[in-house]
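Structure data follow from target08.csv (CSV, C-alpha atoms and all ligand atoms):
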chain,number,residue,atom,x,y,z
I,135,MET,CA,0.0,0.0,0.0
I,136,VAL,CA,1.2,3.5,-0.7
I,137,ILE,CA,-0.1,6.8,0.8
I,138,ILE,CA,0.2,9.6,-1.6
I,139,MET,CA,0.4,13.0,0.2
I,140,GLN,CA,-1.0,16.2,-1.2
I,141,ARG,CA,1.4,18.5,-2.9
I,142,GLU,CA,1.0,21.1,-0.1
I,143,ALA,CA,1.2,18.6,2.8
I,144,THR,CA,3.3,20.0,5.7
I,145,PRO,CA,6.2,18.2,7.3
I,146,GLU,CA,4.1,17.8,10.4
I,147,GLN,CA,1.3,16.1,8.5
I,148,ILE,CA,3.8,13.8,6.8
I,149,GLN,CA,5.3,13.0,10.2
I,150,ALA,CA,1.9,12.2,11.7
I,151,VAL,CA,1.2,9.8,8.8
I,152,ILE,CA,4.5,8.1,9.3
I,153,GLU,CA,3.8,7.6,13.0
I,154,ALA,CA,0.3,6.3,12.3
I,155,VAL,CA,1.8,3.8,9.8
I,156,GLU,CA,4.4,2.6,12.4
I,157,GLU,CA,1.8,2.3,15.1
I,158,SER,CA,-0.2,0.0,12.8
I,159,GLY,CA,2.8,-2.4,12.7
I,160,PHE,CA,4.2,-1.5,9.3
I,161,ARG,CA,7.6,0.0,8.3
I,162,ALA,CA,7.2,3.4,6.6
I,163,PHE,CA,9.5,4.3,3.7
I,164,VAL,CA,9.2,7.9,2.5
I,165,ASN,CA,10.3,8.6,-1.0
I,166,PRO,CA,12.5,11.6,-1.4
I,167,GLY,CA,10.4,13.0,-4.3
I,168,VAL,CA,10.3,16.7,-4.6
I,169,GLU,CA,6.9,17.0,-6.2
I,170,ARG,CA,4.9,15.1,-3.6
I,171,LYS,CA,5.8,12.6,-0.9
I,172,VAL,CA,4.7,9.0,-1.2
I,173,ILE,CA,4.8,6.9,1.9
I,174,ALA,CA,5.1,3.1,1.3
I,175,LEU,CA,3.9,0.7,3.9
I,176,LEU,CA,6.1,-2.4,4.1
I,177,GLY,CA,5.0,-5.6,5.8
I,178,ALA,CA,2.6,-8.4,5.4
I,179,MET,CA,-0.8,-7.0,4.4
I,180,ASP,CA,-3.5,-9.2,6.1
I,181,ALA,CA,-7.2,-8.4,5.8
I,182,GLU,CA,-7.4,-6.6,9.1
I,183,LYS,CA,-4.6,-4.2,8.1
I,184,VAL,CA,-6.1,-3.5,4.7
I,185,SER,CA,-9.0,-1.9,6.5
I,186,LEU,CA,-6.6,0.7,7.8
I,187,ALA,CA,-6.6,2.3,4.4
I,188,ASP,CA,-9.7,4.3,5.4
I,189,ARG,CA,-8.0,5.6,8.5
I,190,PHE,CA,-5.0,6.9,6.5
I,191,THR,CA,-7.2,8.4,3.8
I,192,SER,CA,-8.9,10.6,6.3
I,193,MET,CA,-5.7,12.0,7.8
I,194,PRO,CA,-4.8,15.7,7.0
I,195,GLY,CA,-2.5,16.1,4.1
I,196,VAL,CA,-3.3,12.7,2.5
I,197,GLU,CA,-4.3,12.8,-1.2
I,198,ARG,CA,-5.2,9.1,-1.6
I,199,VAL,CA,-4.2,5.6,-0.6
I,200,ALA,CA,-3.5,3.0,-3.3
I,201,PRO,CA,-2.5,-0.7,-3.2
I,202,ILE,CA,0.9,-1.7,-4.6
I,203,SER,CA,0.2,-4.4,-7.1
I,204,GLU,CA,3.8,-5.7,-7.5
I,205,PRO,CA,5.6,-7.9,-5.0
I,206,TYR,CA,8.5,-5.5,-4.9
I,207,LYS,CA,7.7,-2.2,-3.4
I,208,LEU,CA,10.7,0.1,-2.9
I,209,ALA,CA,12.0,-0.7,-6.4
I,210,SER,CA,8.6,-0.1,-7.9
I,211,ARG,CA,7.7,3.1,-9.8
I,212,GLN,CA,4.4,3.1,-7.9
I,213,THR,CA,6.2,4.1,-4.7
I,214,HIS,CA,8.6,6.4,-6.5
I,215,PRO,CA,7.2,7.9,-9.7
I,216,ASP,CA,10.3,10.0,-10.5
I,217,ASP,CA,13.5,8.4,-11.9
I,218,THR,CA,16.1,7.7,-9.2
I,219,ILE,CA,19.5,9.3,-10.0
I,220,VAL,CA,22.4,7.4,-8.5
I,221,LYS,CA,25.3,9.7,-7.5
I,222,ILE,CA,28.9,8.5,-7.8
I,223,GLY,CA,31.1,11.5,-7.2
I,224,ARG,CA,30.3,13.9,-10.1
I,225,VAL,CA,28.7,11.1,-12.1
I,226,ARG,CA,24.9,11.0,-12.2
I,227,VAL,CA,23.5,7.6,-13.3
I,228,GLY,CA,20.0,7.8,-14.6
I,229,GLY,CA,19.9,11.5,-15.6
I,230,PRO,CA,20.1,12.9,-19.1
I,231,SER,CA,23.7,11.9,-19.6
I,232,LEU,CA,24.6,8.3,-20.3
I,233,THR,CA,27.0,6.5,-18.0
I,234,ILE,CA,29.7,4.4,-19.6
I,235,ILE,CA,31.5,1.9,-17.4
I,236,ALA,CA,34.5,0.4,-19.1
I,237,GLY,CA,37.6,-1.5,-18.3
I,238,PRO,CA,39.1,-5.0,-18.2
I,239,CYS,CA,37.1,-8.0,-17.1
I,240,SER,CA,39.9,-8.8,-14.6
I,241,VAL,CA,42.7,-6.8,-13.1
I,242,GLU,CA,45.6,-8.9,-14.3
I,243,SER,CA,48.5,-6.5,-13.6
I,244,ARG,CA,49.3,-2.9,-12.7
I,245,GLU,CA,50.5,-2.1,-16.2
I,246,GLN,CA,47.5,-3.7,-18.0
I,247,THR,CA,45.0,-2.0,-15.8
I,248,LEU,CA,46.6,1.5,-15.9
I,249,GLU,CA,46.9,1.3,-19.7
I,250,VAL,CA,43.2,0.4,-20.2
I,251,ALA,CA,42.1,2.9,-17.5
I,252,HIS,CA,43.8,5.7,-19.4
I,253,ALA,CA,42.5,4.5,-22.7
I,254,VAL,CA,38.9,4.3,-21.7
I,255,LYS,CA,39.1,7.7,-19.9
I,256,SER,CA,40.4,9.4,-23.0
I,257,ALA,CA,37.7,7.7,-25.1
I,258,GLY,CA,35.1,9.3,-22.8
I,259,ALA,CA,34.1,6.6,-20.3
I,260,ASN,CA,33.2,8.0,-16.9
I,261,LEU,CA,33.5,5.0,-14.6
I,262,LEU,CA,36.2,2.3,-14.5
I,263,ARG,CA,35.4,-1.4,-14.1
I,264,GLY,CA,37.8,-4.2,-13.2
I,265,GLY,CA,37.4,-7.5,-11.4
I,266,ALA,CA,39.4,-8.3,-8.3
I,267,PHE,CA,37.4,-11.2,-7.1
I,268,LYS,CA,36.3,-13.2,-10.1
I,269,PRO,CA,33.3,-15.6,-10.0
I,270,ARG,CA,34.4,-18.2,-12.5
I,271,THR,CA,32.4,-21.1,-13.8
I,272,SER,CA,35.5,-23.4,-13.5
I,273,PRO,CA,37.5,-23.6,-10.2
I,274,TYR,CA,40.6,-23.9,-12.4
I,275,ALA,CA,40.1,-20.6,-14.1
I,276,PHE,CA,41.8,-17.4,-13.0
I,277,GLN,CA,40.1,-16.3,-9.8
I,278,GLY,CA,41.4,-12.7,-9.6
I,279,LEU,CA,44.2,-11.0,-7.8
I,280,GLY,CA,42.0,-10.1,-4.8
I,281,ARG,CA,43.3,-7.3,-2.6
I,282,GLN,CA,46.3,-6.6,-4.8
I,283,ALA,CA,43.8,-5.9,-7.7
I,284,LEU,CA,41.9,-3.4,-5.4
I,285,GLU,CA,45.1,-1.5,-4.8
I,286,ILE,CA,45.8,-1.3,-8.5
I,287,LEU,CA,42.3,-0.1,-9.1
I,288,ALA,CA,42.8,2.6,-6.5
I,289,GLN,CA,45.9,3.7,-8.3
I,290,ALA,CA,44.0,3.8,-11.6
I,291,ARG,CA,41.4,6.0,-9.9
I,292,GLU,CA,44.1,8.3,-8.6
I,293,GLU,CA,45.7,8.7,-12.1
I,294,THR,CA,42.5,9.0,-14.2
I,295,GLY,CA,39.9,10.4,-11.7
I,296,LEU,CA,37.5,7.6,-12.7
I,297,ALA,CA,35.5,6.1,-9.9
I,298,VAL,CA,35.9,2.3,-9.6
I,299,VAL,CA,33.2,-0.4,-10.0
I,300,THR,CA,34.3,-3.8,-8.8
I,301,GLU,CA,32.5,-7.0,-7.8
I,302,ALA,CA,32.1,-8.5,-4.3
I,303,VAL,CA,31.5,-12.2,-4.6
I,304,ASP,CA,31.3,-13.0,-0.9
I,305,PRO,CA,30.0,-11.2,2.2
I,306,HIS,CA,33.5,-11.9,3.8
I,307,ASP,CA,35.2,-9.9,1.1
I,308,LEU,CA,32.8,-7.0,1.4
I,309,PRO,CA,34.8,-5.0,4.0
I,310,VAL,CA,37.9,-4.9,1.9
I,311,VAL,CA,36.1,-4.3,-1.4
I,312,MET,CA,34.2,-1.4,0.4
I,313,ARG,CA,37.5,0.2,1.4
I,314,TYR,CA,38.6,0.5,-2.3
I,315,ALA,CA,35.5,0.5,-4.5
I,316,ASP,CA,33.2,3.5,-5.2
I,317,VAL,CA,30.5,1.1,-6.6
I,318,ILE,CA,30.0,-2.5,-5.6
I,319,GLN,CA,29.0,-4.9,-8.4
I,320,ILE,CA,26.8,-7.9,-7.6
I,321,GLY,CA,27.5,-10.3,-10.4
I,322,ALA,CA,24.9,-12.4,-12.3
I,323,ARG,CA,25.8,-15.5,-10.4
I,324,ASN,CA,25.1,-13.8,-7.1
I,325,MET,CA,21.9,-12.0,-7.9
I,326,GLN,CA,20.0,-14.3,-5.6
I,327,ASN,CA,22.6,-14.5,-2.9
I,328,PHE,CA,20.3,-12.9,-0.4
I,329,ARG,CA,22.7,-12.6,2.5
I,330,LEU,CA,25.2,-10.8,0.2
I,331,LEU,CA,22.4,-8.5,-1.0
I,332,GLN,CA,21.5,-7.6,2.5
I,333,ARG,CA,25.1,-6.9,3.4
I,334,VAL,CA,25.5,-4.7,0.4
I,335,GLY,CA,22.2,-3.0,1.4
I,336,GLN,CA,23.9,-2.0,4.6
I,337,CYS,CA,27.1,-0.8,3.1
I,338,GLY,CA,26.0,2.7,1.9
I,339,LYS,CA,27.8,2.5,-1.4
I,340,PRO,CA,26.0,2.5,-4.8
I,341,VAL,CA,25.5,-1.0,-6.3
I,342,VAL,CA,25.4,-2.3,-9.8
I,343,LEU,CA,23.1,-5.4,-9.6
I,344,LYS,CA,23.4,-7.7,-12.6
I,345,ARG,CA,20.6,-9.9,-13.7
I,346,GLY,CA,21.1,-13.7,-13.3
I,347,PRO,CA,21.1,-15.4,-16.7
I,348,GLY,CA,18.2,-17.7,-15.6
I,349,CYS,CA,16.2,-15.0,-13.7
I,350,ARG,CA,13.1,-13.1,-14.7
I,351,ILE,CA,12.9,-9.3,-14.6
I,352,GLN,CA,10.6,-9.7,-11.6
I,353,ASP,CA,13.4,-11.7,-9.8
I,354,LEU,CA,15.9,-8.9,-10.5
I,355,LEU,CA,13.5,-6.4,-9.0
I,356,MET,CA,13.0,-8.6,-6.0
I,357,ALA,CA,16.8,-8.8,-5.6
I,358,ALA,CA,17.0,-5.0,-5.7
I,359,GLU,CA,14.3,-5.0,-3.1
I,360,TYR,CA,16.5,-7.0,-0.7
I,361,ILE,CA,19.2,-4.2,-1.1
I,362,MET,CA,16.8,-1.3,-0.7
I,363,LEU,CA,15.0,-2.7,2.3
I,364,GLU,CA,18.3,-2.4,4.2
I,365,GLY,CA,18.2,1.3,3.5
I,366,ASN,CA,20.4,1.5,0.3
I,367,ARG,CA,18.4,3.1,-2.5
I,368,GLN,CA,21.5,3.6,-4.8
I,369,VAL,CA,20.9,0.6,-7.0
I,370,ILE,CA,21.7,0.4,-10.7
I,371,LEU,CA,20.0,-2.5,-12.6
I,372,CYS,CA,22.1,-4.2,-15.2
I,373,GLU,CA,20.9,-6.5,-18.0
I,374,ARG,CA,23.7,-8.8,-19.0
I,375,GLY,CA,22.0,-11.5,-21.1
I,376,ILE,CA,19.9,-14.5,-20.3
I,377,THR,CA,20.0,-18.2,-21.2
I,378,THR,CA,17.8,-19.2,-24.1
I,379,PHE,CA,17.9,-22.0,-26.7
I,380,GLU,CA,19.8,-19.6,-29.0
I,381,ASP,CA,23.5,-20.5,-29.0
I,382,SER,CA,25.0,-18.2,-31.7
I,383,THR,CA,25.9,-15.8,-28.9
I,384,ARG,CA,27.1,-16.6,-25.3
I,385,TYR,CA,23.7,-15.4,-23.8
I,386,THR,CA,20.7,-13.7,-25.4
I,387,THR,CA,20.7,-10.0,-25.0
I,388,ASP,CA,17.2,-9.2,-23.6
I,389,ILE,CA,16.9,-5.7,-25.1
I,390,SER,CA,13.2,-5.7,-24.0
I,391,ALA,CA,14.4,-5.7,-20.4
I,392,VAL,CA,15.4,-2.1,-20.8
I,393,PRO,CA,12.0,-0.5,-21.5
I,394,VAL,CA,10.3,-3.1,-19.2
I,395,LEU,CA,12.5,-2.2,-16.3
I,396,LYS,CA,12.2,1.5,-17.0
I,397,ARG,CA,8.4,1.2,-16.8
I,398,LEU,CA,8.3,-1.0,-13.7
I,399,SER,CA,11.0,0.7,-11.7
I,400,HIS,CA,12.4,4.1,-11.1
I,401,LEU,CA,16.0,2.7,-10.8
I,402,PRO,CA,18.6,3.4,-13.5
I,403,VAL,CA,19.0,0.6,-16.0
I,404,ILE,CA,22.3,-0.2,-17.9
I,405,LEU,CA,23.2,-2.9,-20.3
I,406,ASP,CA,26.3,-5.0,-20.6
I,407,PRO,CA,26.7,-6.2,-24.2
I,408,SER,CA,30.1,-7.7,-23.6
I,409,HIS,CA,28.8,-10.5,-21.3
I,410,SER,CA,25.5,-10.8,-23.1
I,411,SER,CA,27.1,-11.5,-26.5
I,412,GLY,CA,30.4,-13.0,-25.5
I,413,ASP,CA,31.8,-11.8,-28.8
I,414,TRP,CA,33.5,-8.4,-29.4
I,415,ARG,CA,31.9,-8.2,-32.9
I,416,TYR,CA,28.4,-7.8,-31.5
I,417,VAL,CA,29.3,-5.4,-28.6
I,418,THR,CA,28.9,-2.1,-30.6
I,419,PRO,CA,25.6,-3.0,-32.3
I,420,LEU,CA,24.1,-4.2,-29.0
I,421,ALA,CA,25.4,-1.1,-27.2
I,422,LYS,CA,23.7,1.1,-29.8
I,423,ALA,CA,20.5,-0.9,-29.5
I,424,ALA,CA,20.5,-0.5,-25.7
I,425,VAL,CA,20.9,3.2,-25.9
I,426,ALA,CA,18.1,3.4,-28.5
I,427,ALA,CA,15.9,1.4,-26.2
I,428,GLY,CA,16.3,3.8,-23.3
I,429,ALA,CA,19.2,2.4,-21.3
I,430,ASP,CA,20.9,4.9,-18.9
I,431,GLY,CA,24.3,3.5,-19.6
I,432,LEU,CA,26.6,0.6,-20.7
I,433,MET,CA,29.2,-1.6,-19.2
I,434,ILE,CA,31.9,-2.6,-21.6
I,435,GLU,CA,34.9,-4.8,-21.3
I,436,VAL,CA,38.2,-3.5,-22.8
I,437,HIS,CA,41.6,-5.2,-23.0
I,438,SER,CA,44.8,-4.1,-24.8
I,439,ASN,CA,45.6,-7.6,-25.9
I,440,PRO,CA,42.3,-9.7,-25.9
I,441,PRO,CA,43.9,-13.0,-27.0
I,442,ALA,CA,46.2,-12.9,-23.9
I,443,ALA,CA,43.4,-11.9,-21.5
I,444,LEU,CA,43.0,-14.1,-18.4
I,445,SER,CA,39.2,-13.8,-18.6
I,446,ASP,CA,36.7,-12.9,-21.2
I,447,GLY,CA,39.2,-12.0,-24.0
I,448,PRO,CA,36.8,-13.0,-26.9
I,449,GLN,CA,34.3,-10.3,-25.8
I,450,SER,CA,36.8,-7.6,-25.0
I,451,LEU,CA,37.3,-4.6,-27.2
I,452,GLU,CA,40.8,-3.2,-27.9
I,453,PRO,CA,41.0,0.5,-27.0
I,454,PRO,CA,40.7,1.8,-30.6
I,455,LYS,CA,37.5,-0.3,-31.1
I,456,PHE,CA,36.2,1.0,-27.8
I,457,ALA,CA,36.8,4.6,-29.0
I,458,GLN,CA,34.9,3.7,-32.2
I,459,LEU,CA,32.0,2.3,-30.1
I,460,MET,CA,31.9,5.6,-28.2
I,461,ARG,CA,31.6,7.5,-31.5
I,462,GLU,CA,28.8,5.3,-32.8
I,463,VAL,CA,26.9,5.3,-29.5
I,464,ALA,CA,27.2,9.1,-29.5
I,465,LYS,CA,25.2,9.3,-32.8
I,466,VAL,CA,22.4,7.1,-31.3
I,467,ALA,CA,22.5,9.1,-28.1
I,468,ARG,CA,22.0,12.3,-30.0
I,469,ALA,CA,19.1,10.8,-32.0
I,470,VAL,CA,17.3,9.8,-28.7
I,471,GLY,CA,18.0,13.0,-26.8
I,472,ARG,CA,20.7,11.7,-24.5
I,473,ARG,CA,24.1,13.1,-23.8
I,474,MET,CA,27.4,11.3,-23.7
I,475,PRO,CA,29.2,11.4,-20.4
I,476,GLY,CA,30.6,14.8,-19.4
I,477,ARG,CA,28.8,16.7,-22.2
I,478,ARG,CA,27.0,19.9,-21.2
I,479,PRO,CA,23.5,20.5,-22.6
I,480,ALA,CA,23.5,22.6,-25.8
I,481,GLN,CA,22.8,26.3,-25.0
W,501,LIG,C1,31.8,-9.4,-15.0
W,501,LIG,O1,31.3,-8.3,-15.0
W,501,LIG,O2,33.0,-9.5,-15.3
W,501,LIG,C2,31.0,-10.6,-14.8
W,501,LIG,C3,31.5,-11.7,-14.3
W,501,LIG,O3,29.8,-10.4,-15.2
W,501,LIG,P1,28.5,-11.3,-15.0
W,501,LIG,O4,28.3,-11.4,-13.5
W,501,LIG,O5,27.4,-10.6,-15.7
W,501,LIG,O6,28.7,-12.7,-15.6
W,502,MN,MN,33.9,-10.5,-17.6
The structure given in the file should be rewritten as structure tokens.
Ligand code: PEP
Ligand code: MN
Amino acid sequence: MVIIMQREATPEQIQAVIEAVEESGFRAFVNPGVERKVIALLGAMDAEKVSLADRFTSMPGVERVAPISEPYKLASRQTHPDDTIVKIGRVRVGGPSLTIIAGPCSVESREQTLEVAHAVKSAGANLLRGGAFKPRTSPYAFQGLGRQALEILAQAREETGLAVVTEAVDPHDLPVVMRYADVIQIGARNMQNFRLLQRVGQCGKPVVLKRGPGCRIQDLLMAAEYIMLEGNRQVILCERGITTFEDSTRYTTDISAVPVLKRLSHLPVILDPSHSSGDWRYVTPLAKAAVAAGADGLMIEVHSNPPAALSDGPQSLEPPKFAQLMREVAKVARAVGRRMPGRRPAQ
């Protein structure tokens, strides 16, 4: 259930409604919307409690009371009609400018990471990605450099000014990842690791939440709900391909997830064409499709020598190809009224 306050409701009226909600045994979440406040009631809604709707409707400052039809509440557009903008330093994810997260799949060495970080920065990316703890399908595959990789990423941030996105695969790693990362990535394989989601919800840093390849859009939104319920509203949803019968690409890029998520949720939505295709030749066309479909940003893997990469070489773009992707995406961005990172609106 959501309580929609009148535009002119006073802070005292809003506070009185919050107290009444909590007295009734619910948790109250107030959206930070500027236009009008919406108060979401969180908790099991039994028949007796539903009758409370009448009580809230008659309170001063209340416009109306409406049921929430979806099982996720804080992630739903019903409780938060305006787009959420996630702030990462000077970067605004979900606003008029696109957010481009780029970098290597894995941090392999200082030299490799710094080279790619400088290259993606000069091509116009505004966030740096790089895996320190790698969730690999095979236990024999490269598992990441761990803490050493985090230190390398911190140096790359220092040199380029790009904020760092890196994955936490385990609640035990979270404290060390938190110390170095600006944004915590939850990988596709961990989308339903509910304890990890709750810990990340308590961490206070923005989160990129990747969709599990076998999970529905609704499951992704429920996973976001786990994070948000702990008080962290800074969640960026990432479509990264789903498993289907089609095997000409590594996964199937669910482009339709972009407009569906934008309709159902107020959270920013980005797309990762590197993992969804598994093939560098499809990364640029899919990146353009994502932006045309309304994505707020992209996550792209870049490596200076893809054949030698310790993970995901076949889907990684060399720096000149990444620069070309940025030029092509810019044309689509212009056509759909979005700006590339760092660009000021035309006067
Ligand atoms: C990654 O971003 O390197 C990664 C492992 O992605 P995903 O979780 O989407 O497979
Ligand atoms: Mn990867």
Extract, using only C-alpha atoms, all DNA, RNA and protein residues at most 9 Å from I:Gly229, discarding same-chain residues fewer than 5 positions from it, and format them as a PDB file with C-alpha atoms, in the coordinates of the input.
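Generated file (out-v3.pdb):
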ATOM      1  CA  ASP I 217      13.500   8.400 -11.900  1.00  0.00           C
ATOM      2  CA  THR I 218      16.100   7.700  -9.200  1.00  0.00           C
ATOM      3  CA  ILE I 219      19.500   9.300 -10.000  1.00  0.00           C
ATOM      4  CA  VAL I 220      22.400   7.400  -8.500  1.00  0.00           C
ATOM      5  CA  PRO I 402      18.600   3.400 -13.500  1.00  0.00           C
ATOM      6  CA  ASP I 430      20.900   4.900 -18.900  1.00  0.00           C
ATOM      7  CA  ARG I 472      20.700  11.700 -24.500  1.00  0.00           C
TER       8      ARG I 472
END
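A straight line drawn from atom CA of I:Asn324 to atom CA of I:Ala426 is 28.3 Å long.
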Just the residues within 8 Å of stretch 376-388 of chain I, please, counting only C-alpha atoms, with nothing from its chain fewer than 6 positions along; format it as a ChimeraX atom specification. /I:346-349,407,409-413,420
Can you spit out the residues from that selection as a CSV table (one decimal), in the frame of the given file, using C-alpha atoms?
chain,number,residue,atom,x,y,z
I,346,GLY,CA,21.1,-13.7,-13.3
I,347,PRO,CA,21.1,-15.4,-16.7
I,348,GLY,CA,18.2,-17.7,-15.6
I,349,CYS,CA,16.2,-15.0,-13.7
I,407,PRO,CA,26.7,-6.2,-24.2
I,409,HIS,CA,28.8,-10.5,-21.3
I,410,SER,CA,25.5,-10.8,-23.1
I,411,SER,CA,27.1,-11.5,-26.5
I,412,GLY,CA,30.4,-13.0,-25.5
I,413,ASP,CA,31.8,-11.8,-28.8
I,420,LEU,CA,24.1,-4.2,-29.0
Closest atom pairs, residues of chain I within 10 Å of ligand MN 502 (chain W), all atoms listed in the file, as CSV:
residue,atom,partner,partner_atom,distance
I:Gly237,CA,W:MN502,MN,9.8
I:Pro238,CA,W:MN502,MN,7.6
I:Cys239,CA,W:MN502,MN,4.1
I:Ser240,CA,W:MN502,MN,6.9
I:Arg263,CA,W:MN502,MN,9.9
I:Gly264,CA,W:MN502,MN,8.6
I:Gly265,CA,W:MN502,MN,7.7
I:Lys268,CA,W:MN502,MN,8.3
I:Pro269,CA,W:MN502,MN,9.2
I:Arg270,CA,W:MN502,MN,9.2
I:Gly321,CA,W:MN502,MN,9.6
I:Asp406,CA,W:MN502,MN,9.8
I:Ser408,CA,W:MN502,MN,7.6
I:His409,CA,W:MN502,MN,6.3
I:Gly412,CA,W:MN502,MN,9.0
I:Ile434,CA,W:MN502,MN,9.1
I:Glu435,CA,W:MN502,MN,6.9
I:Val436,CA,W:MN502,MN,9.7
I:Leu444,CA,W:MN502,MN,9.8
I:Ser445,CA,W:MN502,MN,6.3
I:Asp446,CA,W:MN502,MN,5.2
I:Gly447,CA,W:MN502,MN,8.4
I:Gln449,CA,W:MN502,MN,8.2
I:Ser450,CA,W:MN502,MN,8.5
Using only C-alpha atoms, which protein or nucleic acid residues come within 8 Å of stretch 231-235 of chain I? Drop anything in the same chain fewer than 4 positions from it, and give the result as a PyMOL selection string. chain I and resi 225-227+258-263+299+430-434+472-477
Those residues you just picked out, can you put them in a file as a compact mmCIF listing (two decimals), in the frame of the given file with C-alpha atoms?
# COMPACT_ATOMS: atom_id res chain seq x y z
CA VAL I 225 28.70 11.10 -12.10
CA ARG I 226 24.90 11.00 -12.20
CA VAL I 227 23.50 7.60 -13.30
CA GLY I 258 35.10 9.30 -22.80
CA ALA I 259 34.10 6.60 -20.30
CA ASN I 260 33.20 8.00 -16.90
CA LEU I 261 33.50 5.00 -14.60
CA LEU I 262 36.20 2.30 -14.50
CA ARG I 263 35.40 -1.40 -14.10
CA VAL I 299 33.20 -0.40 -10.00
CA ASP I 430 20.90 4.90 -18.90
CA GLY I 431 24.30 3.50 -19.60
CA LEU I 432 26.60 0.60 -20.70
CA MET I 433 29.20 -1.60 -19.20
CA ILE I 434 31.90 -2.60 -21.60
CA ARG I 472 20.70 11.70 -24.50
CA ARG I 473 24.10 13.10 -23.80
CA MET I 474 27.40 11.30 -23.70
CA PRO I 475 29.20 11.40 -20.40
CA GLY I 476 30.60 14.80 -19.40
CA ARG I 477 28.80 16.70 -22.20
Return the single residue from I:Val317, I:Leu208, I:Ala464, I:Leu343 that is closest to I:Thr300, with distances computed using only C-alpha atoms.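 Closest to I:Thr300, using only C-alpha atoms: I:Val317.
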With all atoms listed in the file as the counted atoms, please give the residues lying no more than 10 Å from stretch 327-342 of chain I, apart from itself and same-chain residues fewer than 2 positions off, as number ranges by chain. I: 220-222, 299-306, 308-309, 312, 315-325, 344-345, 357-372, 402-404
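Using only C-alpha atoms and all ligand atoms, the nearest neighbour of ligand LIG 501 (chain W) within the list I:Val466, I:Ala251, I:Ala266, I:Ala143 is I:Ala266.
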